[in-house]
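Below is run_9.txt, which holds compact mmCIF, C-alpha atoms (C1' of nucleotides).
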```
# COMPACT_ATOMS: atom_id res chain seq x y z
CA MET Y 1 -10.26 0.07 -2.92
CA ALA Y 2 -9.72 2.40 -5.85
CA LEU Y 3 -8.19 0.01 -8.35
CA GLU Y 4 -11.64 -0.97 -9.60
CA HIS Y 5 -12.44 2.67 -10.15
CA ALA Y 6 -9.14 3.46 -11.81
CA ILE Y 7 -9.88 0.60 -14.21
CA LEU Y 8 -13.39 1.94 -14.85
CA VAL Y 9 -11.97 5.37 -15.73
CA SER Y 10 -9.36 3.85 -18.00
CA LEU Y 11 -11.92 1.64 -19.77
CA LEU Y 12 -14.27 4.61 -20.20
CA GLU Y 13 -11.45 6.57 -21.79
CA LYS Y 14 -10.85 3.58 -24.07
CA PRO Y 15 -11.99 -0.06 -23.88
CA GLY Y 16 -9.24 -2.67 -23.85
CA SER Y 17 -7.93 -6.00 -22.60
CA GLY Y 18 -6.29 -6.82 -19.29
CA TYR Y 19 -2.94 -6.79 -21.01
CA GLU Y 20 -3.56 -3.38 -22.53
CA LEU Y 21 -4.69 -2.04 -19.16
CA SER Y 22 -1.52 -3.30 -17.52
CA ARG Y 23 0.49 -1.41 -20.17
CA ARG Y 24 -1.51 1.74 -19.50
CA PHE Y 25 -0.90 1.34 -15.78
CA GLU Y 26 2.83 1.37 -16.51
CA ARG Y 27 2.41 4.62 -18.41
CA SER Y 28 -0.11 7.44 -18.05
CA ILE Y 29 -2.29 5.99 -15.30
CA GLY Y 30 0.73 4.56 -13.53
CA HIS Y 31 1.83 8.11 -12.82
CA PHE Y 32 -0.80 8.27 -10.13
CA TRP Y 33 -1.85 4.65 -9.67
CA THR Y 34 0.16 1.47 -10.13
CA ALA Y 35 -0.95 -2.14 -10.51
CA THR Y 36 0.59 -5.37 -11.77
CA HIS Y 37 -1.08 -7.51 -14.41
CA GLN Y 38 -1.99 -10.05 -11.72
CA GLN Y 39 -3.99 -7.55 -9.78
CA ILE Y 40 -5.64 -6.27 -12.91
CA TYR Y 41 -6.71 -9.72 -14.16
CA ARG Y 42 -8.08 -10.64 -10.74
CA VAL Y 43 -10.01 -7.42 -10.35
CA LEU Y 44 -11.33 -7.59 -13.93
CA LYS Y 45 -12.77 -11.02 -13.15
CA ARG Y 46 -14.50 -9.69 -10.06
CA MET Y 47 -15.80 -6.66 -11.92
CA GLU Y 48 -17.19 -8.92 -14.62
CA THR Y 49 -18.92 -11.07 -12.00
CA ASP Y 50 -20.38 -7.92 -10.47
CA GLY Y 51 -21.64 -6.81 -13.87
CA TRP Y 52 -19.58 -3.62 -13.95
CA ILE Y 53 -17.95 -4.47 -17.28
CA ASP Y 54 -18.81 -6.38 -20.46
CA VAL Y 55 -16.43 -8.70 -22.27
CA ARG Y 56 -15.99 -9.32 -25.97
CA GLU Y 57 -13.67 -12.02 -27.36
CA VAL Y 58 -11.54 -10.42 -30.05
CA PRO Y 59 -9.69 -12.81 -32.38
CA GLN Y 60 -6.38 -11.38 -33.57
CA GLU Y 61 -3.87 -12.27 -36.24
CA GLY Y 62 -0.24 -12.84 -35.44
CA ARG Y 63 -0.92 -12.78 -31.72
CA PRO Y 64 -3.15 -14.51 -29.15
CA ASP Y 65 -6.82 -13.59 -28.97
CA LYS Y 66 -7.77 -11.06 -26.36
CA LYS Y 67 -10.78 -10.22 -24.21
CA GLU Y 68 -11.80 -6.64 -24.70
CA TYR Y 69 -13.56 -5.11 -21.74
CA SER Y 70 -15.90 -2.13 -21.74
CA VAL Y 71 -17.86 -0.43 -19.00
CA SER Y 72 -21.52 -1.41 -18.54
CA ALA Y 73 -24.32 0.84 -17.32
CA ALA Y 74 -23.92 -0.69 -13.85
CA GLY Y 75 -20.21 0.12 -13.99
CA ARG Y 76 -20.91 3.75 -14.82
CA GLU Y 77 -23.28 3.92 -11.87
CA ALA Y 78 -20.68 2.37 -9.57
CA LEU Y 79 -18.17 4.96 -10.71
CA ALA Y 80 -20.65 7.80 -10.16
CA ARG Y 81 -21.40 6.52 -6.63
CA TRP Y 82 -17.70 6.42 -5.83
CA LEU Y 83 -17.11 9.90 -7.26
CA HIS Y 84 -19.73 11.29 -4.90
CA GLU Y 85 -18.23 9.61 -1.83
CA PRO Y 86 -15.69 11.62 0.14
CA SER Y 87 -12.14 10.21 0.20
CA GLU Y 88 -9.25 10.65 2.57
CA PRO Y 89 -6.33 12.93 1.67
CA GLU Y 90 -3.41 10.77 0.63
CA SER Y 91 -0.79 9.62 3.07
CA ILE Y 92 2.66 9.60 1.58
CA ARG Y 93 5.04 6.70 2.06
CA HIS Y 94 8.46 7.95 1.30
CA GLU Y 95 11.04 5.25 1.86
CA LEU Y 96 13.84 7.64 1.03
CA ALA Y 97 12.74 9.95 3.85
CA VAL Y 98 13.08 7.04 6.30
CA LYS Y 99 16.57 6.37 4.96
CA ILE Y 100 17.54 10.02 5.34
CA ARG Y 101 16.56 10.07 8.97
CA GLY Y 102 18.20 6.68 9.42
CA ALA Y 103 21.45 8.03 7.98
CA ALA Y 104 21.99 9.84 11.28
CA PHE Y 105 22.84 6.41 12.74
CA ASP Y 106 25.10 5.39 9.87
CA ASP Y 107 27.24 7.31 7.39
CA PRO Y 108 25.27 10.20 5.84
CA ALA Y 109 27.71 10.47 2.93
CA ALA Y 110 26.94 6.86 1.96
CA LEU Y 111 23.43 7.93 1.00
CA ILE Y 112 24.58 10.45 -1.60
CA ALA Y 113 24.80 7.94 -4.45
CA GLU Y 114 21.33 6.60 -3.62
CA VAL Y 115 19.81 10.08 -3.57
CA GLU Y 116 21.48 10.86 -6.89
CA ARG Y 117 19.94 7.72 -8.39
CA HIS Y 118 16.50 8.87 -7.27
CA ARG Y 119 17.20 12.34 -8.63
CA ALA Y 120 18.04 10.90 -12.03
CA ALA Y 121 14.85 8.79 -12.04
CA HIS Y 122 12.68 11.79 -11.18
CA SER Y 123 14.45 13.91 -13.76
CA GLU Y 124 13.66 11.27 -16.38
CA ARG Y 125 10.02 11.14 -15.31
CA LEU Y 126 9.74 14.90 -15.56
CA ALA Y 127 11.17 14.86 -19.08
CA HIS Y 128 8.69 12.12 -19.96
CA TYR Y 129 5.74 14.11 -18.60
CA LEU Y 130 6.85 17.28 -20.36
CA ALA Y 131 7.17 15.41 -23.66
CA GLY Y 132 3.67 14.01 -23.16
CA GLU Y 133 2.31 17.46 -22.39
CA GLN Y 134 3.84 18.85 -25.60
CA ARG Y 135 2.51 15.93 -27.63
CA ASP Y 136 -1.03 15.88 -26.27
CA PHE Y 137 -1.80 19.34 -24.95
CA THR Y 138 0.46 22.33 -25.55
CA GLY Y 139 2.50 21.43 -28.64
CA PRO Y 140 1.76 22.60 -32.18
CA GLY Y 141 0.50 19.18 -33.32
CA ALA Y 142 -1.78 18.73 -30.30
CA PRO Y 143 -5.54 18.60 -30.96
CA ALA Y 144 -7.37 21.87 -30.35
CA GLY Y 145 -10.77 22.32 -28.72
CA THR Y 146 -12.10 22.28 -25.18
CA ASP Y 147 -13.01 18.66 -24.52
CA PRO Y 148 -13.65 18.37 -20.74
CA GLY Y 149 -11.96 14.96 -20.64
CA ARG Y 150 -8.79 16.35 -22.16
CA GLU Y 151 -8.82 19.38 -19.82
CA LEU Y 152 -9.07 17.06 -16.84
CA GLN Y 153 -6.32 14.76 -18.11
CA HIS Y 154 -4.16 17.84 -18.58
CA VAL Y 155 -4.67 19.15 -15.05
CA VAL Y 156 -3.73 15.73 -13.65
CA LEU Y 157 -0.61 15.73 -15.79
CA ARG Y 158 0.24 19.23 -14.56
CA GLY Y 159 0.04 17.75 -11.05
CA GLY Y 160 2.58 15.10 -12.01
CA ILE Y 161 4.87 17.74 -13.46
CA ALA Y 162 4.58 19.91 -10.34
CA TYR Y 163 5.31 16.87 -8.17
CA GLU Y 164 8.46 15.96 -10.08
CA ARG Y 165 9.75 19.55 -10.09
CA MET Y 166 9.16 19.86 -6.35
CA THR Y 167 10.86 16.51 -5.73
CA LEU Y 168 13.91 17.47 -7.81
CA ALA Y 169 14.32 20.71 -5.85
CA TRP Y 170 13.97 18.82 -2.57
CA LEU Y 171 16.49 16.15 -3.57
CA ASP Y 172 18.97 18.94 -4.36
CA ASP Y 173 18.34 20.27 -0.86
CA VAL Y 174 18.93 16.76 0.54
CA LEU Y 175 22.15 16.37 -1.43
CA ALA Y 176 23.46 19.74 -0.22
CA THR Y 177 22.64 18.75 3.36
CA LEU Y 178 24.32 15.33 3.08
CA ARG Y 179 27.44 16.90 1.51
CA ARG Y 180 27.61 19.53 4.23
CA LEU Y 181 27.44 16.83 6.92
CA GLY Y 182 30.11 14.82 5.10
CA ASP Y 183 32.52 17.75 4.75
CA ASP Y 184 32.04 18.97 8.26
CA PRO Y 185 30.86 16.13 10.46
CA ASP Y 186 31.82 17.88 13.69
CA PRO Y 187 32.96 21.52 13.67
CA ARG Y 188 34.37 21.24 17.19
CA THR Y 189 37.31 19.11 16.08
CA MET X 1 9.01 -3.86 3.69
CA ALA X 2 10.18 -0.65 5.29
CA LEU X 3 7.99 -0.53 8.38
CA GLU X 4 10.59 -2.50 10.34
CA HIS X 5 13.19 0.03 9.33
CA ALA X 6 11.02 3.03 10.08
CA ILE X 7 10.50 1.56 13.56
CA LEU X 8 14.24 1.02 13.97
CA VAL X 9 14.90 4.67 13.08
CA SER X 10 12.21 5.86 15.46
CA LEU X 11 13.50 3.68 18.31
CA LEU X 12 17.06 4.86 17.70
CA GLU X 13 15.89 8.45 17.91
CA LYS X 14 14.15 7.52 21.18
CA PRO X 15 13.21 4.14 22.74
CA GLY X 16 9.53 3.62 23.47
CA SER X 17 6.55 1.28 23.64
CA GLY X 18 4.31 0.09 20.83
CA TYR X 19 1.72 2.59 21.96
CA GLU X 20 4.20 5.46 21.90
CA LEU X 21 5.40 4.41 18.46
CA SER X 22 1.85 4.41 17.15
CA ARG X 23 1.46 7.98 18.44
CA ARG X 24 4.67 9.02 16.72
CA PHE X 25 3.45 7.43 13.49
CA GLU X 26 0.41 9.67 13.69
CA ARG X 27 2.66 12.69 14.03
CA SER X 28 6.17 13.36 12.79
CA ILE X 29 6.95 9.99 11.25
CA GLY X 30 3.42 9.69 9.89
CA HIS X 31 4.23 12.57 7.59
CA PHE X 32 6.18 10.16 5.45
CA TRP X 33 5.16 6.75 6.72
CA THR X 34 1.86 5.61 8.25
CA ALA X 35 1.01 2.54 10.32
CA THR X 36 -1.79 1.49 12.64
CA HIS X 37 -1.11 0.20 16.13
CA GLN X 38 -2.02 -3.32 14.98
CA GLN X 39 0.70 -3.34 12.40
CA ILE X 40 3.21 -1.90 14.83
CA TYR X 41 2.50 -4.48 17.57
CA ARG X 42 2.72 -7.33 15.08
CA VAL X 43 5.98 -6.12 13.57
CA LEU X 44 7.48 -5.38 17.00
CA LYS X 45 6.82 -8.99 17.98
CA ARG X 46 8.56 -10.23 14.84
CA MET X 47 11.48 -7.87 15.36
CA GLU X 48 11.86 -9.09 18.92
CA THR X 49 11.89 -12.70 17.74
CA ASP X 50 14.54 -11.78 15.18
CA GLY X 51 16.61 -10.13 17.89
CA TRP X 52 16.53 -6.66 16.33
CA ILE X 53 15.14 -5.04 19.46
CA ASP X 54 15.30 -5.54 23.23
CA VAL X 55 12.33 -5.25 25.58
CA ARG X 56 12.12 -3.90 29.08
CA GLU X 57 8.97 -4.10 31.20
CA VAL X 58 8.35 -0.65 32.65
CA PRO X 59 5.87 -0.44 35.55
CA GLN X 60 4.00 2.84 35.57
CA GLU X 61 1.82 4.66 38.03
CA GLY X 62 -1.63 5.83 37.16
CA ARG X 63 -1.57 3.90 33.90
CA PRO X 64 -0.96 0.33 32.65
CA ASP X 65 2.59 -0.98 32.51
CA LYS X 66 4.34 -0.78 29.18
CA LYS X 67 7.03 -2.62 27.25
CA GLU X 68 9.79 -0.29 26.26
CA TYR X 69 11.66 -1.35 23.17
CA SER X 70 15.18 -0.33 22.19
CA VAL X 71 17.35 -1.26 19.23
CA SER X 72 19.90 -4.05 19.72
CA ALA X 73 23.27 -4.34 17.99
CA ALA X 74 21.68 -6.77 15.50
CA GLY X 75 18.97 -4.19 14.81
CA ARG X 76 21.55 -1.50 14.08
CA GLU X 77 23.25 -3.87 11.68
CA ALA X 78 19.95 -4.67 9.96
CA LEU X 79 19.30 -0.95 9.55
CA ALA X 80 22.79 -0.36 8.14
CA ARG X 81 22.32 -3.21 5.64
CA TRP X 82 19.01 -1.72 4.51
CA LEU X 83 20.49 1.77 4.22
CA HIS X 84 23.13 0.45 1.83
CA GLU X 85 20.58 -1.35 -0.36
CA PRO X 86 19.21 0.59 -3.31
CA SER X 87 15.47 1.32 -3.19
CA GLU X 88 12.95 2.09 -5.89
CA PRO X 89 11.72 5.65 -6.45
CA GLU X 90 8.28 5.98 -4.93
CA SER X 91 5.16 5.34 -6.91
CA ILE X 92 2.41 7.75 -6.03
CA ARG X 93 -1.17 6.58 -5.47
CA HIS X 94 -3.33 9.60 -5.79
CA GLU X 95 -6.99 8.67 -5.45
CA LEU X 96 -8.05 12.25 -6.11
CA ALA X 97 -6.29 12.17 -9.48
CA VAL X 98 -8.37 9.13 -10.43
CA LYS X 99 -11.50 10.98 -9.41
CA ILE X 100 -10.53 14.03 -11.45
CA ARG X 101 -10.10 11.99 -14.59
CA GLY X 102 -13.29 10.11 -13.74
CA ALA X 103 -15.20 13.39 -13.46
CA ALA X 104 -15.14 13.60 -17.26
CA PHE X 105 -17.81 10.86 -17.19
CA ASP X 106 -19.90 12.49 -14.48
CA ASP X 107 -20.42 16.09 -13.36
CA PRO X 108 -17.06 17.88 -12.97
CA ALA X 109 -18.65 20.59 -10.80
CA ALA X 110 -19.72 17.95 -8.27
CA LEU X 111 -16.07 17.36 -7.42
CA ILE X 112 -15.44 20.94 -6.33
CA ALA X 113 -16.54 20.43 -2.72
CA GLU X 114 -14.38 17.32 -2.44
CA VAL X 115 -11.31 19.11 -3.81
CA GLU X 116 -11.92 21.97 -1.39
CA ARG X 117 -12.02 19.50 1.49
CA HIS X 118 -8.66 18.11 0.43
CA ARG X 119 -7.30 21.63 0.05
CA ALA X 120 -8.32 22.47 3.62
CA ALA X 121 -6.68 19.29 4.95
CA HIS X 122 -3.42 20.04 3.15
CA SER X 123 -3.52 23.64 4.31
CA GLU X 124 -3.84 22.42 7.89
CA ARG X 125 -0.96 20.00 7.46
CA LEU X 126 1.22 22.78 6.08
CA ALA X 127 0.42 25.00 9.07
CA HIS X 128 1.25 22.08 11.36
CA TYR X 129 4.61 21.46 9.66
CA LEU X 130 5.51 25.15 9.72
CA ALA X 131 4.69 25.36 13.42
CA GLY X 132 6.89 22.30 14.02
CA GLU X 133 9.71 23.84 12.02
CA GLN X 134 9.52 27.05 14.08
CA ARG X 135 9.43 25.08 17.31
CA ASP X 136 12.25 22.64 16.57
CA PHE X 137 14.50 24.27 14.01
CA THR X 138 14.15 27.89 12.93
CA GLY X 139 12.35 29.61 15.84
CA PRO X 140 14.03 31.63 18.59
CA GLY X 141 13.48 28.93 21.23
CA ALA X 142 14.82 26.15 19.04
CA PRO X 143 18.03 24.41 20.16
CA ALA X 144 21.18 25.65 18.41
CA GLY X 145 24.09 23.55 17.18
CA THR X 146 24.77 21.29 14.24
CA ASP X 147 23.65 17.87 15.33
CA PRO X 148 23.58 15.69 12.17
CA GLY X 149 20.39 13.97 13.31
CA ARG X 150 18.58 17.27 13.68
CA GLU X 151 19.85 18.49 10.30
CA LEU X 152 18.51 15.35 8.66
CA GLN X 153 15.16 15.59 10.44
CA HIS X 154 14.95 19.18 9.26
CA VAL X 155 15.61 18.37 5.62
CA VAL X 156 12.88 15.70 5.72
CA LEU X 157 10.49 18.23 7.24
CA ARG X 158 11.39 20.72 4.51
CA GLY X 159 10.38 18.01 2.05
CA GLY X 160 6.99 17.73 3.72
CA ILE X 161 6.55 21.50 3.60
CA ALA X 162 7.51 21.61 -0.09
CA TYR X 163 5.07 18.78 -0.81
CA GLU X 164 2.16 20.52 0.89
CA ARG X 165 2.89 23.86 -0.82
CA MET X 166 3.08 22.17 -4.21
CA THR X 167 -0.14 20.27 -3.51
CA LEU X 168 -2.01 23.43 -2.48
CA ALA X 169 -0.95 25.20 -5.68
CA TRP X 170 -2.02 22.20 -7.76
CA LEU X 171 -5.39 21.92 -6.01
CA ASP X 172 -5.99 25.60 -6.83
CA ASP X 173 -5.21 24.76 -10.44
CA VAL X 174 -7.67 21.84 -10.25
CA LEU X 175 -10.38 24.04 -8.73
CA ALA X 176 -9.92 26.68 -11.44
CA THR X 177 -10.19 23.99 -14.10
CA LEU X 178 -13.31 22.42 -12.59
CA ARG X 179 -14.97 25.85 -12.25
CA ARG X 180 -14.12 26.71 -15.83
CA LEU X 181 -15.69 23.46 -17.04
CA GLY X 182 -18.76 24.11 -14.88
CA ASP X 183 -19.28 27.67 -16.13
CA ASP X 184 -18.74 26.78 -19.71
CA PRO X 185 -19.49 23.12 -20.24
CA ASP X 186 -19.86 23.46 -24.00
CA PRO X 187 -18.99 26.75 -25.68
CA ARG X 188 -20.85 25.77 -28.85
CA THR X 189 -24.25 26.17 -27.19
C1' DC A 1 -21.94 4.26 40.21
C1' DT A 2 -22.11 4.40 35.53
C1' DT A 3 -20.35 6.27 31.46
C1' DG A 4 -16.69 7.98 28.86
C1' DT A 5 -11.80 8.81 27.84
C1' DC A 6 -6.91 7.75 27.83
C1' DT A 7 -3.13 4.53 28.12
C1' DA A 8 -1.67 0.00 26.74
C1' DT A 9 -1.75 -4.51 24.38
C1' DG A 10 -3.49 -7.92 21.52
C1' DC A 11 -6.50 -11.60 18.42
C1' DA A 12 -9.03 -12.83 14.24
C1' DA A 13 -10.54 -12.09 9.77
C1' DC A 14 -10.37 -9.93 5.69
C1' DG A 15 -8.77 -7.40 1.66
C1' DA A 16 -4.96 -5.38 -1.03
C1' DG A 17 -0.72 -6.07 -3.26
C1' DT A 18 3.56 -8.78 -4.60
C1' DT A 19 6.27 -12.68 -6.36
C1' DG A 20 7.05 -16.83 -8.60
C1' DC A 21 5.59 -19.83 -11.81
C1' DA A 22 2.98 -21.78 -15.94
C1' DT A 23 0.99 -21.84 -20.52
C1' DA A 24 0.78 -20.74 -25.38
C1' DG A 25 1.11 -18.84 -30.16
C1' DA A 26 3.92 -15.80 -33.18
C1' DG A 27 8.09 -13.76 -34.82
C1' DC A 28 13.07 -13.19 -34.96
C1' DA A 29 17.85 -14.29 -34.55
C1' DT A 30 21.66 -17.72 -34.31
C1' DA K 1 16.37 -26.78 -33.95
C1' DT K 2 17.05 -23.62 -30.09
C1' DG K 3 16.51 -19.84 -27.49
C1' DC K 4 14.60 -15.03 -26.93
C1' DT K 5 11.12 -11.61 -26.90
C1' DC K 6 6.39 -9.99 -27.19
C1' DT K 7 1.45 -10.59 -26.64
C1' DA K 8 -1.99 -12.58 -23.65
C1' DT K 9 -3.97 -14.91 -19.62
C1' DG K 10 -3.96 -17.10 -15.36
C1' DC K 11 -3.00 -19.98 -10.57
C1' DA K 12 -0.94 -20.38 -5.96
C1' DA K 13 1.25 -18.72 -2.12
C1' DC K 14 2.69 -15.21 0.39
C1' DT K 15 3.23 -10.66 2.78
C1' DC K 16 1.34 -6.20 3.84
C1' DG K 17 -2.21 -3.41 5.66
C1' DT K 18 -6.94 -2.47 7.51
C1' DT K 19 -11.05 -3.17 10.39
C1' DG K 20 -13.59 -4.85 14.09
C1' DC K 21 -13.44 -6.44 18.39
C1' DA K 22 -11.70 -7.49 23.27
C1' DT K 23 -9.37 -6.66 27.59
C1' DA K 24 -7.91 -3.90 31.48
C1' DG K 25 -6.42 -0.33 34.82
C1' DA K 26 -6.80 4.68 36.00
C1' DC K 27 -9.21 8.81 36.10
C1' DA K 28 -12.79 12.45 35.44
C1' DA K 29 -17.63 13.98 34.77
C1' DG K 30 -22.34 13.50 35.56
```

As structure tokens, please, write out the structure in this file.
Amino acid sequence: MALEHAILVSLLEKPGSGYELSRRFERSIGHFWTATHQQIYRVLKRMETDGWIDVREVPQEGRPDKKEYSVSAAGREALARWLHEPSEPESIRHELAVKIRGAAFDDPAALIAEVERHRAAHSERLAHYLAGEQRDFTGPGAPAGTDPGRELQHVVLRGGIAYERMTLAWLDDVLATLRRLGDDPDPRT
Amino acid sequence: MALEHAILVSLLEKPGSGYELSRRFERSIGHFWTATHQQIYRVLKRMETDGWIDVREVPQEGRPDKKEYSVSAAGREALARWLHEPSEPESIRHELAVKIRGAAFDDPAALIAEVERHRAAHSERLAHYLAGEQRDFTGPGAPAGTDPGRELQHVVLRGGIAYERMTLAWLDDVLATLRRLGDDPDPRT
DNA sequence: CTTGTCTATGCAACGAGTTGCATAGAGCAT
DNA sequence: ATGCTCTATGCAACTCGTTGCATAGACAAG
């Protein structure tokens, strides 16, 4: 039930259309919350009905018109209410972990390529986060000053970076374990 | 679409009833995959229809009878097929991250108690994982030997431990940031 | 003897999330 | 002309996941 609130935060950071939101959810926000354009359009409609957001038709040249959404006073209140509610610590759903335990009943070595694929994807994500951090926060061209919004965006990004680094180290551990089991499936023979 | 496969892995590790599975999903398996008993009963029924698992009525004393499920040959094949399919790297859904970015439009200091609650929960989980690791893998009473299944369970557990340690460090970073913003909301005043 | 807890299974309804498809204007390449 | 990609929005159908409720036997506490 947090997609509404993720959209509110994103629209407060910068108003935009459903399409633009879906692009943002592929990028910065998507690092910690994903959503398809379908979900976004449907939820935007409900939020509009509930009076959480205002719409403005924006005619454009060279491309279809868009509906630009921005957060209303009622939307800000809804966000504040949610921020003050307690929430549950996240439960992880790691498909790869299921596969690793499942590999005990199949060929562990067959998983190596799959784990390497995941490792490459996480490595790419880390590089992407680090580039974003340089660009927006720590690099020479990054804006100076102590804007609370920027500080908070930065600490969330640092979380993403820490997550990817931890995951890379763990996947190396997994690969070493799988290779060990492949080399030496049964030391008694 | 991995709940079926998580159940297959769990039943291969040890056959059991829907109730027992739901307990396991609260514990070891729940560390990387969660499910309520409702979901488990529904999926078990479908898996039985599909011939992936066999049932055995087990009369019990002092408690209601149970249906013990075990994986059939077709179930093992289904698991093997899934293991050889590529899967997408996980997308995280971190509600707390949304709240942290949202705090820029509310009072950042008001989030401190919430973050501390999460920190305590993760700290408890870490202690729980470490106790399990001692008991089952690294402690003096732990079984010796190089069973591939145990090795793989251990590497998954190490992943959980790494995740909780990383999360605790990040939450400390978040707390420091929130406190800094609270002490010094606007240095120009 | 009633209340509460634990084991054990399940239905019904709802909400969240995914997938496939459709439309439509603009620009670009062949 | 035709097909391809990008922006922009949306419907319909489906699966996944959660919540509330119901049943029922055994046991323990008051």

Distance query region 4-15 of chain K at most 9 Å, all atoms listed in the file, self and fewer than 2 positions along chain excluded, as a PyMOL selection string: (chain Y and resi 17-19+38+41-42+63-66) or (chain X and resi 1) or (chain A and resi 17-29)

All residues 9 Å or closer to Ile92 (chain X), only C-alpha atoms (C1' of nucleotides), same chain fewer than 2 positions away omitted, as number ranges by chain: Y: 30-34, 92-93; X: 90, 94

Residue among X:Glu114, X:Glu26, X:Glu68, X:Glu77 lying closest to chain Y, counting all atoms listed in the file: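 Smallest distance to chain Y is found for X:Glu114.
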
Per residue of chain A within 8 Å of chain X, note the shortest atom pair and the distance in Å to one decimal, counting only C-alpha atoms (C1' of nucleotides), and order the rows by chain and increasing residue number, as CSV.
```
residue,atom,partner,partner_atom,distance
A:DT7,C1',X:Arg63,CA,6.0
A:DA8,C1',X:Pro64,CA,6.0
A:DG10,C1',X:Tyr41,CA,8.0
```

Just to confirm, what's the straight-line distance from CA of Leu83 (chain X) to CA of Ser70 (chain X) in Å (one decimal)? 18.9 Å

Have a look at CA of Phe105 (chain Y) and CA of Met166 (chain Y) and let me know their distance in Å, one decimal. 27.1 Å

As a ChimeraX atom specification, please: the residues near Arg158 (chain Y) (cut-off 10 Å, only C-alpha atoms (C1' of nucleotides), same-chain neighbours under 3 positions excluded). /Y:129-130,133,152-155,161-164 /X:170,173-174

Mind checking which residues fall within 9 Å of region 11-14 of chain A, counting only C-alpha atoms (C1' of nucleotides), ignoring those fewer than 4 positions away in the same chain, and posting them as a list in words? DT18, DT19, DG20, DC21 and DA22 of chain K

Per-residue nearest contacts of chain K to chain X (10 Å; only C-alpha atoms (C1' of nucleotides)) as a Markdown table:
```
| residue | atom | partner | partner_atom | distance |
| --- | --- | --- | --- | --- |
| K:DT15 | C1' | X:Met1 | CA | 9.0 |
| K:DC16 | C1' | X:Met1 | CA | 8.0 |
| K:DG17 | C1' | X:Gln39 | CA | 7.3 |
| K:DT18 | C1' | X:Thr36 | CA | 8.3 |
| K:DA24 | C1' | X:Pro64 | CA | 8.2 |
| K:DG25 | C1' | X:Pro64 | CA | 5.9 |
| K:DA26 | C1' | X:Gly62 | CA | 5.4 |
| K:DC27 | C1' | X:Gly62 | CA | 8.2 |
```

One decimal, Å: what's the distance from CA of Ser22 (chain Y) over to CA of Ile40 (chain Y), could you say? 6.9 Å

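Residue neighbourhood of Leu8 (chain X), excluding near-sequence residues (fewer than 6 positions): Val71, Gly75, Arg76 and Leu79 of chain X, at 8 Å, using all atoms listed in the file.
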